[in-house]
file input_34.txt (compact mmCIF, C-alpha atoms)
# COMPACT_ATOMS: atom_id res chain seq x y z
CA MET A 9 49.09 -44.28 29.03
CA ASN A 10 50.75 -42.04 26.50
CA PHE A 11 48.77 -39.67 24.37
CA ASN A 12 49.51 -39.33 20.69
CA ALA A 13 47.93 -38.20 17.46
CA THR A 14 45.26 -40.90 17.79
CA LEU A 15 43.52 -38.25 19.89
CA LEU A 16 43.39 -35.92 16.91
CA GLY A 17 42.37 -38.70 14.56
CA GLN A 18 39.51 -39.65 16.83
CA THR A 19 38.43 -36.02 17.17
CA ILE A 20 38.41 -35.57 13.40
CA SER A 21 36.46 -38.80 12.86
CA PHE A 22 34.03 -37.71 15.55
CA ILE A 23 33.43 -34.37 13.82
CA VAL A 24 32.96 -36.07 10.45
CA PHE A 25 30.59 -38.69 11.86
CA VAL A 26 28.48 -36.15 13.73
CA TRP A 27 28.32 -34.02 10.60
CA PHE A 28 27.27 -37.03 8.52
CA CYS A 29 24.71 -38.08 11.09
CA LYS A 30 23.22 -34.59 11.32
CA ARG A 31 23.25 -34.07 7.57
CA TYR A 32 22.13 -37.45 6.25
CA VAL A 33 20.97 -39.89 8.95
CA TRP A 34 18.99 -37.89 11.48
CA PRO A 35 16.68 -36.10 8.99
CA LEU A 36 15.62 -39.43 7.44
CA PHE A 37 14.36 -40.77 10.75
CA ALA A 38 13.02 -37.43 11.91
CA ALA A 39 10.93 -37.33 8.72
CA VAL A 40 9.64 -40.90 9.10
CA LEU A 41 8.82 -40.46 12.77
CA GLU A 42 7.18 -37.10 12.14
CA GLU A 43 5.12 -38.52 9.28
CA ARG A 44 4.02 -41.47 11.38
CA LYS A 45 3.13 -39.19 14.28
CA LYS A 46 1.05 -37.10 11.90
CA ARG A 47 -0.73 -40.14 10.50
CA ILE A 48 -1.54 -41.43 13.94
CA ALA A 49 -2.88 -38.02 14.94
CA ASP A 50 -4.95 -37.89 11.73
CA GLY A 51 -6.25 -41.39 12.33
CA LEU A 52 -7.30 -40.58 15.86
CA GLU A 53 -8.96 -37.40 14.69
CA ALA A 54 -10.83 -39.29 11.94
CA ALA A 55 -11.95 -41.85 14.52
CA ALA A 56 -13.25 -39.10 16.78
CA ARG A 57 -15.03 -37.52 13.85
CA ALA A 58 -16.57 -40.82 12.81
CA GLU A 59 -17.77 -41.35 16.35
CA LYS A 60 -19.42 -37.95 16.33
CA ASP A 61 -20.95 -38.68 12.91
CA LEU A 62 -22.28 -41.96 14.21
CA GLU A 63 -23.85 -40.21 17.18
CA LEU A 64 -25.46 -37.64 14.88
CA ALA A 65 -26.73 -40.37 12.58
CA GLN A 66 -28.16 -42.26 15.52
CA ASN A 67 -29.86 -39.12 16.76
CA SER A 68 -31.33 -38.42 13.34
CA ALA A 69 -32.45 -42.02 13.00
CA THR A 70 -34.21 -41.82 16.36
CA GLU A 71 -35.79 -38.54 15.29
CA GLN A 72 -37.02 -39.99 12.02
CA LEU A 73 -38.35 -43.06 13.74
CA LYS A 74 -40.29 -40.83 16.12
CA ILE A 75 -41.72 -38.84 13.20
CA ALA A 76 -42.63 -42.03 11.39
CA LYS A 77 -44.37 -43.37 14.48
CA THR A 78 -46.38 -40.16 14.87
CA ASP A 79 -47.30 -40.27 11.18
CA ALA A 80 -48.34 -43.88 11.42
CA ALA A 81 -50.46 -43.17 14.48
CA GLY A 82 -52.15 -40.29 12.61
CA ILE A 83 -52.82 -42.45 9.59
CA ILE A 84 -54.31 -45.23 11.71
CA ASP A 85 -56.45 -42.70 13.51
CA GLN A 86 -57.74 -41.30 10.25
CA ALA A 87 -58.38 -44.76 8.89
CA ASN A 88 -60.34 -45.68 11.99
CA LYS A 89 -62.36 -42.50 11.72
CA ARG A 90 -63.03 -43.13 8.06
CA ALA A 91 -64.03 -46.72 8.76
CA SER A 92 -66.54 -45.78 11.41
CA GLN A 93 -67.86 -43.10 9.08
CA ILE A 94 -68.35 -45.70 6.34
CA VAL A 95 -70.08 -48.02 8.81
CA ASP A 96 -72.35 -45.20 9.94
CA GLU A 97 -73.19 -44.30 6.37
CA ALA A 98 -73.91 -47.93 5.57
CA LYS A 99 -76.13 -48.21 8.64
CA GLU A 100 -78.04 -45.09 7.60
CA GLN A 101 -78.49 -46.39 4.07
CA ALA A 102 -79.65 -49.75 5.35
CA ARG A 103 -82.19 -48.14 7.60
CA GLU A 104 -83.51 -45.96 4.83
CA GLU A 105 -83.67 -48.94 2.50
CA GLY A 106 -85.53 -50.95 5.12
CA GLN A 107 -88.01 -48.15 5.67
CA ARG A 108 -88.53 -47.87 1.96
CA ILE A 109 -89.18 -51.59 1.71
CA ILE A 110 -91.55 -51.43 4.64
CA ALA A 111 -93.39 -48.49 3.11
CA GLY A 112 -93.66 -50.34 -0.24
CA ALA A 113 -94.97 -53.41 1.48
CA GLN A 114 -97.52 -51.44 3.46
CA ALA A 115 -98.73 -49.74 0.27
CA GLU A 116 -99.05 -53.08 -1.40
CA ILE A 117 -100.91 -54.50 1.56
CA GLU A 118 -103.28 -51.55 1.50
CA GLN A 119 -103.83 -52.01 -2.19
CA GLU A 120 -104.49 -55.68 -1.65
CA VAL A 121 -106.96 -54.93 1.15
CA ASN A 122 -108.78 -52.43 -1.00
CA ARG A 123 -108.91 -54.85 -3.83
CA ALA A 124 -110.23 -57.54 -1.52
CA LYS A 125 -112.80 -55.12 -0.15
CA GLU A 126 -113.91 -54.26 -3.65
CA ALA A 127 -114.20 -57.91 -4.59
CA LEU A 128 -115.97 -58.68 -1.33
CA ARG A 129 -118.35 -55.80 -1.90
CA ALA A 130 -119.30 -57.10 -5.32
CA GLN A 131 -119.68 -60.58 -3.94
CA VAL A 132 -121.80 -59.39 -1.00
CA ALA A 133 -124.23 -57.69 -3.43
CA SER A 134 -124.65 -60.80 -5.47
CA ILE A 135 -124.89 -62.96 -2.28
CA ALA A 136 -127.51 -60.57 -0.88
CA LEU A 137 -129.43 -60.71 -4.10
CA ALA A 138 -129.26 -64.44 -4.21
CA GLY A 139 -130.33 -64.54 -0.57
CA ALA A 140 -133.23 -62.28 -1.27
CA GLU A 141 -134.31 -64.38 -4.20
CA LYS A 142 -134.23 -67.37 -2.06
CA ILE A 143 -136.30 -65.67 0.58
CA LEU A 144 -138.85 -64.44 -1.82
CA GLU A 145 -138.83 -67.54 -3.85
CA ASP A 146 -140.06 -65.42 -6.49
CA SER A 147 -138.14 -63.70 -9.02
CA VAL A 148 -137.75 -60.21 -8.22
CA ASP A 149 -138.39 -57.90 -10.88
CA GLN A 150 -134.97 -57.20 -11.94
CA ALA A 151 -135.67 -53.87 -13.26
CA ALA A 152 -137.85 -52.79 -10.28
CA ASN A 153 -135.23 -53.75 -7.85
CA GLU A 154 -132.30 -52.65 -9.79
CA GLU A 155 -132.26 -49.26 -8.13
CA MET A 156 -132.60 -50.65 -4.64
CA LEU A 157 -129.88 -53.19 -5.21
CA ASN A 158 -127.46 -50.58 -6.48
CA LYS A 159 -128.24 -48.48 -3.44
CA LEU A 160 -127.50 -51.46 -1.20
CA ALA A 161 -124.27 -52.21 -3.00
CA ALA A 162 -123.21 -48.65 -2.57
CA GLU A 163 -123.99 -48.73 1.12
CA LEU A 164 -121.91 -51.76 1.76
CA MET B 25 62.31 -72.47 36.47
CA ALA B 26 59.17 -73.63 34.80
CA GLU B 27 57.11 -71.41 37.11
CA SER B 28 59.13 -68.33 36.28
CA VAL B 29 58.76 -69.04 32.60
CA ALA B 30 55.00 -69.35 33.07
CA GLU B 31 54.91 -66.09 35.02
CA GLN B 32 56.95 -64.40 32.39
CA THR B 33 54.56 -65.71 29.80
CA VAL B 34 51.50 -64.39 31.65
CA GLN B 35 53.12 -60.99 32.05
CA GLU B 36 54.17 -60.95 28.42
CA TYR B 37 50.73 -62.08 27.33
CA ILE B 38 49.00 -59.28 29.19
CA THR B 39 51.54 -56.63 28.19
CA HIS B 40 51.20 -57.72 24.62
CA HIS B 41 47.44 -57.51 24.74
CA LEU B 42 47.55 -54.09 26.37
CA SER B 43 49.88 -52.48 23.87
CA PHE B 44 48.84 -50.73 20.69
CA LEU B 45 49.85 -51.13 17.09
CA THR B 46 51.51 -47.72 16.90
CA PHE B 47 52.66 -46.18 13.68
CA GLY B 48 55.14 -43.32 13.91
CA ARG B 49 58.70 -42.14 13.52
CA THR B 50 61.21 -44.49 15.15
CA HIS B 51 64.33 -43.19 16.87
CA ASP B 52 66.50 -44.04 13.87
CA GLY B 53 64.43 -41.64 11.79
CA HIS B 54 62.26 -43.76 9.54
CA TRP B 55 58.47 -44.21 9.71
CA GLY B 56 57.15 -47.56 10.79
CA PHE B 57 55.35 -49.62 13.42
CA ALA B 58 56.64 -49.72 16.97
CA HIS B 59 57.75 -53.20 17.99
CA THR B 60 57.62 -52.65 21.74
CA PRO B 61 55.57 -50.41 24.06
CA GLU B 62 58.79 -48.54 24.90
CA GLU B 63 59.40 -47.84 21.25
CA ALA B 64 55.81 -46.63 20.90
CA ALA B 65 56.31 -44.25 23.83
CA GLU B 66 59.50 -42.92 22.26
CA MET B 67 57.60 -41.93 19.13
CA GLY B 68 56.05 -39.09 21.09
CA PHE B 69 52.85 -37.32 20.11
CA TRP B 70 53.12 -37.69 16.34
CA ALA B 71 52.23 -41.33 16.21
CA VAL B 72 48.93 -43.09 15.62
CA ASN B 73 47.46 -46.19 17.23
CA VAL B 74 46.41 -47.74 13.97
CA ASP B 75 44.46 -50.57 15.63
CA THR B 76 42.15 -48.63 17.95
CA LEU B 77 41.68 -45.68 15.60
CA GLY B 78 41.07 -48.06 12.71
CA TRP B 79 38.43 -50.02 14.59
CA SER B 80 36.89 -46.82 15.87
CA VAL B 81 36.57 -45.34 12.37
CA PHE B 82 35.41 -48.66 10.94
CA LEU B 83 32.70 -49.10 13.57
CA GLY B 84 31.54 -45.50 13.31
CA ALA B 85 31.40 -45.59 9.53
CA ALA B 86 29.70 -48.99 9.52
CA PHE B 87 27.00 -47.93 11.93
CA LEU B 88 26.32 -44.64 10.16
CA TYR B 89 26.23 -46.34 6.78
CA PHE B 90 23.87 -48.97 8.18
CA PHE B 91 21.59 -46.31 9.71
CA TYR B 92 21.73 -44.34 6.48
CA ARG B 93 20.70 -47.35 4.37
CA VAL B 94 17.89 -48.21 6.76
CA GLY B 95 16.75 -44.58 6.78
CA LYS B 96 16.79 -44.42 2.97
CA ASN B 97 14.56 -47.49 2.73
CA ALA B 98 12.41 -46.49 5.69
CA SER B 99 8.70 -46.90 5.30
CA VAL B 100 6.12 -45.01 7.32
CA ASP B 101 3.43 -47.66 7.14
CA ASN B 102 5.27 -50.92 6.99
CA PRO B 103 8.57 -50.72 8.87
CA SER B 104 10.86 -53.72 8.67
CA GLY B 105 12.42 -55.27 11.74
CA VAL B 106 15.72 -53.53 11.12
CA GLN B 107 13.95 -50.22 10.69
CA ASN B 108 12.08 -50.77 13.96
CA PHE B 109 15.36 -51.39 15.71
CA VAL B 110 17.07 -48.30 14.31
CA GLU B 111 13.98 -46.20 14.95
CA SER B 112 13.82 -47.34 18.54
CA VAL B 113 17.46 -46.34 19.02
CA VAL B 114 16.83 -42.93 17.43
CA GLU B 115 13.67 -42.43 19.47
CA PHE B 116 15.43 -43.50 22.65
CA VAL B 117 18.18 -40.93 22.10
CA ASP B 118 15.67 -38.29 21.04
CA ALA B 119 13.58 -38.92 24.16
CA ARG B 120 16.63 -38.52 26.44
CA VAL B 121 17.54 -35.30 24.63
CA SER B 122 14.06 -33.80 24.90
CA GLU B 123 13.87 -34.82 28.56
CA SER B 124 17.15 -33.25 29.63
CA PHE B 125 17.88 -30.59 27.03
CA ASN B 126 15.63 -27.56 27.35
CA PHE B 127 16.81 -25.51 24.39
CA LYS B 128 16.46 -25.68 20.67
CA ASN B 129 19.59 -27.02 19.06
CA GLU B 130 19.53 -29.19 15.95
CA LEU B 131 22.99 -30.54 16.67
CA ILE B 132 22.32 -32.24 20.00
CA GLY B 133 20.15 -35.07 18.65
CA PRO B 134 22.55 -36.31 15.95
CA LEU B 135 25.52 -35.65 18.25
CA CYS B 136 24.07 -37.83 21.00
CA LEU B 137 22.93 -40.52 18.57
CA THR B 138 26.45 -40.73 17.16
CA LEU B 139 28.03 -40.77 20.61
CA PHE B 140 25.66 -43.35 22.05
CA PHE B 141 25.67 -45.90 19.27
CA TRP B 142 29.31 -45.47 18.35
CA ILE B 143 30.49 -45.91 21.94
CA LEU B 144 28.09 -48.82 22.33
CA LEU B 145 29.64 -50.57 19.35
CA MET B 146 33.21 -49.80 20.45
CA ASN B 147 32.43 -51.16 23.92
CA THR B 148 30.80 -54.24 22.45
CA MET B 149 34.11 -55.17 20.83
CA ASP B 150 35.11 -56.11 24.38
CA LEU B 151 32.86 -59.17 24.10
CA VAL B 152 34.84 -60.58 21.18
CA PRO B 153 37.07 -63.25 22.74
CA VAL B 154 40.42 -61.61 23.47
CA ASP B 155 42.56 -63.78 21.22
CA TRP B 156 40.46 -64.25 18.13
CA ILE B 157 41.14 -61.15 16.10
CA THR B 158 44.30 -60.21 17.98
CA GLY B 159 45.72 -63.70 17.55
CA ALA B 160 44.78 -63.88 13.89
CA PHE B 161 46.42 -60.53 13.27
CA GLU B 162 49.56 -61.48 15.21
CA TRP B 163 49.88 -64.69 13.23
CA THR B 164 49.32 -62.89 9.91
CA ALA B 165 51.85 -60.17 10.75
CA ALA B 166 54.44 -62.71 11.85
CA THR B 167 53.93 -64.98 8.84
CA ALA B 168 53.39 -62.50 6.06
CA PHE B 169 55.34 -59.45 7.20
CA ASN B 170 57.92 -60.98 9.52
CA PHE B 171 56.62 -58.70 12.30
CA GLU B 172 56.88 -60.78 15.51
CA HIS B 173 54.48 -60.18 18.43
CA ALA B 174 52.53 -57.49 16.63
CA PRO B 175 49.97 -56.06 19.08
CA PHE B 176 46.43 -55.50 17.91
CA LYS B 177 43.86 -53.96 20.20
CA ILE B 178 40.28 -54.24 19.00
CA VAL B 179 38.41 -52.34 21.72
CA PRO B 180 38.81 -48.65 20.85
CA THR B 181 37.37 -47.42 24.16
CA THR B 182 40.25 -49.07 26.05
CA ASP B 183 42.51 -46.46 24.43
CA PRO B 184 42.48 -43.18 26.40
CA ASN B 185 43.25 -41.38 23.13
CA ILE B 186 39.89 -42.49 21.77
CA THR B 187 37.82 -41.64 24.84
CA MET B 188 39.61 -38.36 25.45
CA GLY B 189 39.23 -37.50 21.77
CA LEU B 190 35.48 -37.76 22.25
CA SER B 191 35.32 -35.99 25.60
CA LEU B 192 37.60 -33.14 24.51
CA SER B 193 35.39 -32.59 21.46
CA VAL B 194 32.42 -32.38 23.78
CA PHE B 195 34.43 -30.00 25.97
CA VAL B 196 35.08 -27.73 22.99
CA LEU B 197 31.35 -27.72 22.32
CA ILE B 198 30.69 -26.84 25.97
CA ILE B 199 33.03 -23.85 25.75
CA TYR B 200 31.64 -22.85 22.35
CA TYR B 201 28.00 -22.89 23.44
CA SER B 202 28.80 -21.26 26.78
CA ILE B 203 30.44 -18.32 25.04
CA LYS B 204 27.79 -18.22 22.32
CA HIS B 205 24.86 -18.05 24.74
CA LYS B 206 26.37 -16.25 27.72
CA GLY B 207 28.99 -14.14 26.00
CA ILE B 208 32.63 -14.09 26.98
CA GLY B 209 31.78 -11.97 30.01
CA GLY B 210 28.95 -14.24 31.08
CA PHE B 211 31.11 -17.32 30.73
CA LEU B 212 34.02 -15.86 32.64
CA GLY B 213 31.61 -14.34 35.16
CA GLU B 214 30.17 -17.75 35.84
CA LEU B 215 33.68 -18.94 36.63
CA ALA B 216 34.67 -15.93 38.72
CA PHE B 217 31.56 -14.69 40.55
CA HIS B 218 30.09 -17.95 41.68
CA PRO B 219 29.42 -19.45 44.20
CA PHE B 220 30.91 -16.83 46.58
CA PRO B 221 30.45 -13.03 46.39
CA LYS B 222 32.38 -11.12 43.73
CA TRP B 223 35.26 -9.95 45.94
CA MET B 224 36.23 -13.56 46.56
CA PHE B 225 36.70 -14.21 42.86
CA ILE B 226 40.11 -15.82 43.43
CA PHE B 227 38.47 -18.56 45.46
CA ASN B 228 35.66 -18.83 42.97
CA LEU B 229 38.13 -19.38 40.15
CA MET B 230 39.99 -21.93 42.24
CA ILE B 231 36.76 -23.87 42.60
CA GLU B 232 35.15 -23.33 39.20
CA ILE B 233 38.12 -23.86 36.87
CA PRO B 234 38.88 -27.36 38.19
CA THR B 235 35.14 -28.08 38.06
CA LEU B 236 35.10 -27.09 34.41
CA LEU B 237 38.24 -29.02 33.57
CA ALA B 238 37.02 -32.06 35.48
CA LYS B 239 34.13 -32.40 33.02
CA PRO B 240 36.05 -33.66 29.97
CA ILE B 241 38.58 -35.55 32.06
CA SER B 242 36.00 -37.44 34.08
CA LEU B 243 33.87 -38.01 30.96
CA GLY B 244 36.75 -39.55 29.01
CA LEU B 245 38.47 -41.38 31.84
CA ARG B 246 35.26 -42.89 33.19
CA LEU B 247 34.61 -44.59 29.87
CA PHE B 248 38.24 -45.58 29.46
CA GLY B 249 38.55 -46.90 33.02
CA ASN B 250 35.44 -49.06 32.86
CA LEU B 251 36.37 -50.66 29.58
CA TYR B 252 40.05 -51.00 30.41
CA ALA B 253 39.20 -52.78 33.64
CA GLY B 254 36.75 -55.01 31.81
CA GLU B 255 39.29 -55.95 29.20
CA LEU B 256 42.01 -56.48 31.78
CA LEU B 257 39.85 -58.93 33.66
CA PHE B 258 39.14 -60.87 30.46
CA LEU B 259 42.89 -60.96 29.86
CA LEU B 260 43.63 -62.15 33.40
CA ILE B 261 41.01 -64.88 33.07
CA ALA B 262 42.43 -65.92 29.72
CA ALA B 263 46.03 -65.86 30.96
CA MET B 264 45.70 -67.46 34.39
CA LEU B 265 42.79 -69.89 34.37
CA GLY B 266 44.00 -71.94 31.42
CA ALA B 267 41.61 -74.70 30.44
CA TYR B 268 39.01 -73.70 33.05
CA GLN B 269 38.56 -70.16 31.81
CA LEU B 270 35.28 -70.60 29.96
CA PRO B 271 32.79 -70.30 32.86
CA ALA B 272 34.76 -67.37 34.28
CA HIS B 273 34.70 -65.66 30.89
CA PHE B 274 30.99 -66.27 30.70
CA ALA B 275 30.31 -64.86 34.17
CA TRP B 276 32.39 -61.74 33.55
CA ALA B 277 30.88 -61.25 30.09
CA ALA B 278 27.38 -61.43 31.59
CA PHE B 279 28.32 -58.71 34.06
CA HIS B 280 30.16 -56.72 31.46
CA LEU B 281 27.06 -56.84 29.27
CA LEU B 282 25.55 -54.37 31.74
CA VAL B 283 28.61 -52.10 31.75
CA ILE B 284 28.79 -51.82 27.94
CA PRO B 285 25.47 -50.05 27.28
CA LEU B 286 25.56 -48.30 30.64
CA GLN B 287 28.83 -46.52 29.88
CA ALA B 288 27.60 -45.50 26.42
CA PHE B 289 24.42 -44.19 28.03
CA VAL B 290 26.31 -42.33 30.78
CA PHE B 291 28.58 -40.66 28.25
CA MET B 292 25.58 -39.52 26.21
CA MET B 293 23.57 -38.35 29.24
CA LEU B 294 26.48 -36.34 30.67
CA THR B 295 27.04 -34.76 27.26
CA ILE B 296 23.38 -33.68 27.19
CA VAL B 297 23.54 -32.35 30.74
CA TYR B 298 26.80 -30.45 30.19
CA LEU B 299 25.57 -28.91 26.95
CA ASN B 300 22.27 -27.99 28.58
CA ALA B 301 24.18 -26.21 31.33
CA ALA B 302 26.24 -24.45 28.65
CA HIS B 303 23.01 -23.06 27.12
CA GLU B 304 21.62 -21.81 30.43
CA THR B 305 21.95 -18.05 30.54
CA GLU B 306 20.43 -17.14 33.89
CA ALA B 307 22.71 -17.28 36.90
CA HIS B 308 21.63 -19.64 39.65

call {"tool": "encode", "arguments": {"input": "input_34.txt", "output": "structure tokens"}}
result
Amino acid sequence: MNFNATLLGQTISFIVFVWFCKRYVWPLFAAVLEERKKRIADGLEAAARAEKDLELAQNSATEQLKIAKTDAAGIIDQANKRASQIVDEAKEQAREEGQRIIAGAQAEIEQEVNRAKEALRAQVASIALAGAEKILEDSVDQAANEEMLNKLAAEL
Amino acid sequence: MAESVAEQTVQEYITHHLSFLTFGRTHDGHWGFAHTPEEAAEMGFWAVNVDTLGWSVFLGAAFLYFFYRVGKNASVDNPSGVQNFVESVVEFVDARVSESFNFKNELIGPLCLTLFFWILLMNTMDLVPVDWITGAFEWTAATAFNFEHAPFKIVPTTDPNITMGLSLSVFVLIIYYSIKHKGIGGFLGELAFHPFPKWMFIFNLMIEIPTLLAKPISLGLRLFGNLYAGELLFLLIAAMLGAYQLPAHFAWAAFHLLVIPLQAFVFMMLTIVYLNAAHETEAH
């Protein structure tokens, strides 16, 4: 084991290699590894942010659904109210219409009765006269009895 | 007779595989490759193990170029398989650094990435069958350059020059950061006034200076020792078991497969721990 200038040669090569490695090789990989580390960190951060966004969106969706449900319930309520109102109005109208029809019919009936009475009255007078003629068998002096007959007709 | 020849051959085989292709100044004054380990030793300090240093530089440059290309074409959204692999290595190193290093220092990450992957690759050369590249080189050298028995070692971390080159560089960084963050006084104080009271500073120095020096030595020799032993066992299997060596190679390779990344990891972890300690300013 004898030492010679190989020792110096190796030392010089070592210095040159370390210098080269520090100057040219190491920075390349440091940059790549740093960049990748940064991208991974960014990616994870974006994922966390997206998760938060999703949660917010879900919350807002739930909120909106709740509002929509309340609105819908209100609208249905109103519709029901309006429907029963319409039914009530219709009922009222129908009743009034019915009463009007009934009143019209009653008036007509009354008219008819009166007319019948009138006709009957005229007929009764003539029947009475005819009856009286028959009873008397003699012609009644039309003129003498005219007054009495009119009085009778009026009394009936 | 035949036995002694065989023994000689085994010894020669292993010696050959353990020697380096050393370039330096030979005793007759001209520059060239050493032909024997003795000749290599005679060249003294101003010689270079062309094989281990060459493989070390080649592997380091190849891995950094590969990482650089992958990093240039890296995509944040759609990483390719190769990019995933490189990224996982970078992230693994970065995770170990952020776990064990409590200060801000832009150098530690790239330093540890270089150390870890470079040592890993150098150790992995141990899994290349011992004679493939070495044998091909020996044959080429003998045929083309008339250089008989040229050694060619392909596992850089089995050369103490390589491992100590790394650990001594780390040691220089330890001293540098210690002085930078604690000051000269703080650094020397840590050596002199710890763990015993101040008046016993002689004893403190006797304990702390070897502790400090043990760091680079243990760091470099641990790596060297593990890989050297691993290679030596491959060589022994190849030299002594003859035709039946394959299962033994396989078993040892399977075990060695654990040692290879483990030693790279240990070297990196200890570097992080030592440098972290160098940054710590408060006395404990």

call {"tool": "closest_atom_pairs", "arguments": {"input": "input_34.txt", "of": "chain A", "to": "chain B", "cutoff": "12 Å", "atoms": "all atoms listed in the file", "output": "JSON lines"}}
result
{"residue": "A:Met9", "atom": "CA", "partner": "B:Pro184", "partner_atom": "CA", "distance": 7.2}
{"residue": "A:Asn10", "atom": "CA", "partner": "B:Ala65", "partner_atom": "CA", "distance": 6.6}
{"residue": "A:Phe11", "atom": "CA", "partner": "B:Asn185", "partner_atom": "CA", "distance": 5.9}
{"residue": "A:Asn12", "atom": "CA", "partner": "B:Phe69", "partner_atom": "CA", "distance": 3.9}
{"residue": "A:Ala13", "atom": "CA", "partner": "B:Val72", "partner_atom": "CA", "distance": 5.3}
{"residue": "A:Thr14", "atom": "CA", "partner": "B:Val72", "partner_atom": "CA", "distance": 4.8}
{"residue": "A:Leu15", "atom": "CA", "partner": "B:Asn185", "partner_atom": "CA", "distance": 4.5}
{"residue": "A:Leu16", "atom": "CA", "partner": "B:Gly189", "partner_atom": "CA", "distance": 6.6}
{"residue": "A:Gly17", "atom": "CA", "partner": "B:Leu77", "partner_atom": "CA", "distance": 7.1}
{"residue": "A:Gln18", "atom": "CA", "partner": "B:Gly189", "partner_atom": "CA", "distance": 5.4}
{"residue": "A:Thr19", "atom": "CA", "partner": "B:Gly189", "partner_atom": "CA", "distance": 4.9}
{"residue": "A:Ile20", "atom": "CA", "partner": "B:Gly189", "partner_atom": "CA", "distance": 8.6}
{"residue": "A:Ser21", "atom": "CA", "partner": "B:Val81", "partner_atom": "CA", "distance": 6.6}
{"residue": "A:Phe22", "atom": "CA", "partner": "B:Leu190", "partner_atom": "CA", "distance": 6.9}
{"residue": "A:Ile23", "atom": "CA", "partner": "B:Ser193", "partner_atom": "CA", "distance": 8.1}
{"residue": "A:Val24", "atom": "CA", "partner": "B:Ala85", "partner_atom": "CA", "distance": 9.7}
{"residue": "A:Phe25", "atom": "CA", "partner": "B:Gly84", "partner_atom": "CA", "distance": 7.0}
{"residue": "A:Val26", "atom": "CA", "partner": "B:Leu135", "partner_atom": "CA", "distance": 5.4}
{"residue": "A:Trp27", "atom": "CA", "partner": "B:Pro134", "partner_atom": "CA", "distance": 8.2}
{"residue": "A:Phe28", "atom": "CA", "partner": "B:Leu88", "partner_atom": "CA", "distance": 7.8}
{"residue": "A:Cys29", "atom": "CA", "partner": "B:Pro134", "partner_atom": "CA", "distance": 5.6}
{"residue": "A:Lys30", "atom": "CA", "partner": "B:Pro134", "partner_atom": "CA", "distance": 5.0}
{"residue": "A:Arg31", "atom": "CA", "partner": "B:Pro134", "partner_atom": "CA", "distance": 8.7}
{"residue": "A:Tyr32", "atom": "CA", "partner": "B:Tyr92", "partner_atom": "CA", "distance": 6.9}
{"residue": "A:Val33", "atom": "CA", "partner": "B:Tyr92", "partner_atom": "CA", "distance": 5.1}
{"residue": "A:Trp34", "atom": "CA", "partner": "B:Pro134", "partner_atom": "CA", "distance": 5.9}
{"residue": "A:Pro35", "atom": "CA", "partner": "B:Gly95", "partner_atom": "CA", "distance": 8.8}
{"residue": "A:Leu36", "atom": "CA", "partner": "B:Gly95", "partner_atom": "CA", "distance": 5.3}
{"residue": "A:Phe37", "atom": "CA", "partner": "B:Gly95", "partner_atom": "CA", "distance": 6.0}
{"residue": "A:Ala38", "atom": "CA", "partner": "B:Val114", "partner_atom": "CA", "distance": 8.7}
{"residue": "A:Ala39", "atom": "CA", "partner": "B:Val100", "partner_atom": "CA", "distance": 9.2}
{"residue": "A:Val40", "atom": "CA", "partner": "B:Val100", "partner_atom": "CA", "distance": 5.7}
{"residue": "A:Leu41", "atom": "CA", "partner": "B:Val100", "partner_atom": "CA", "distance": 7.6}
{"residue": "A:Glu42", "atom": "CA", "partner": "B:Val100", "partner_atom": "CA", "distance": 9.3}
{"residue": "A:Glu43", "atom": "CA", "partner": "B:Val100", "partner_atom": "CA", "distance": 6.9}
{"residue": "A:Arg44", "atom": "CA", "partner": "B:Val100", "partner_atom": "CA", "distance": 5.8}
{"residue": "A:Lys45", "atom": "CA", "partner": "B:Val100", "partner_atom": "CA", "distance": 9.6}
{"residue": "A:Lys46", "atom": "CA", "partner": "B:Val100", "partner_atom": "CA", "distance": 10.5}
{"residue": "A:Arg47", "atom": "CA", "partner": "B:Val100", "partner_atom": "CA", "distance": 9.0}
{"residue": "A:Ile48", "atom": "CA", "partner": "B:Asp101", "partner_atom": "CA", "distance": 10.5}

call {"tool": "residues_near_point", "arguments": {"input": "input_34.txt", "point": "(29.4, -37.2, 35.1)", "cutoff": "9 Å", "atoms": "all atoms listed in the file", "output": "ChimeraX atom specification"}}
result
/B:239,242-243,246,290-291,293-295,297-298

call {"tool": "atom_distance", "arguments": {"input": "input_34.txt", "atom1": "CA of Ile241 (chain B)", "atom2": "CA of Ile38 (chain B)"}}
result
26.1 Å

call {"tool": "atom_distance", "arguments": {"input": "input_34.txt", "atom1": "CA of His51 (chain B)", "atom2": "CA of Thr33 (chain B)"}}
result
27.7 Å

call {"tool": "atom_distance", "arguments": {"input": "input_34.txt", "atom1": "CA of Ile284 (chain B)", "atom2": "CA of Leu245 (chain B)"}}
result
14.8 Å
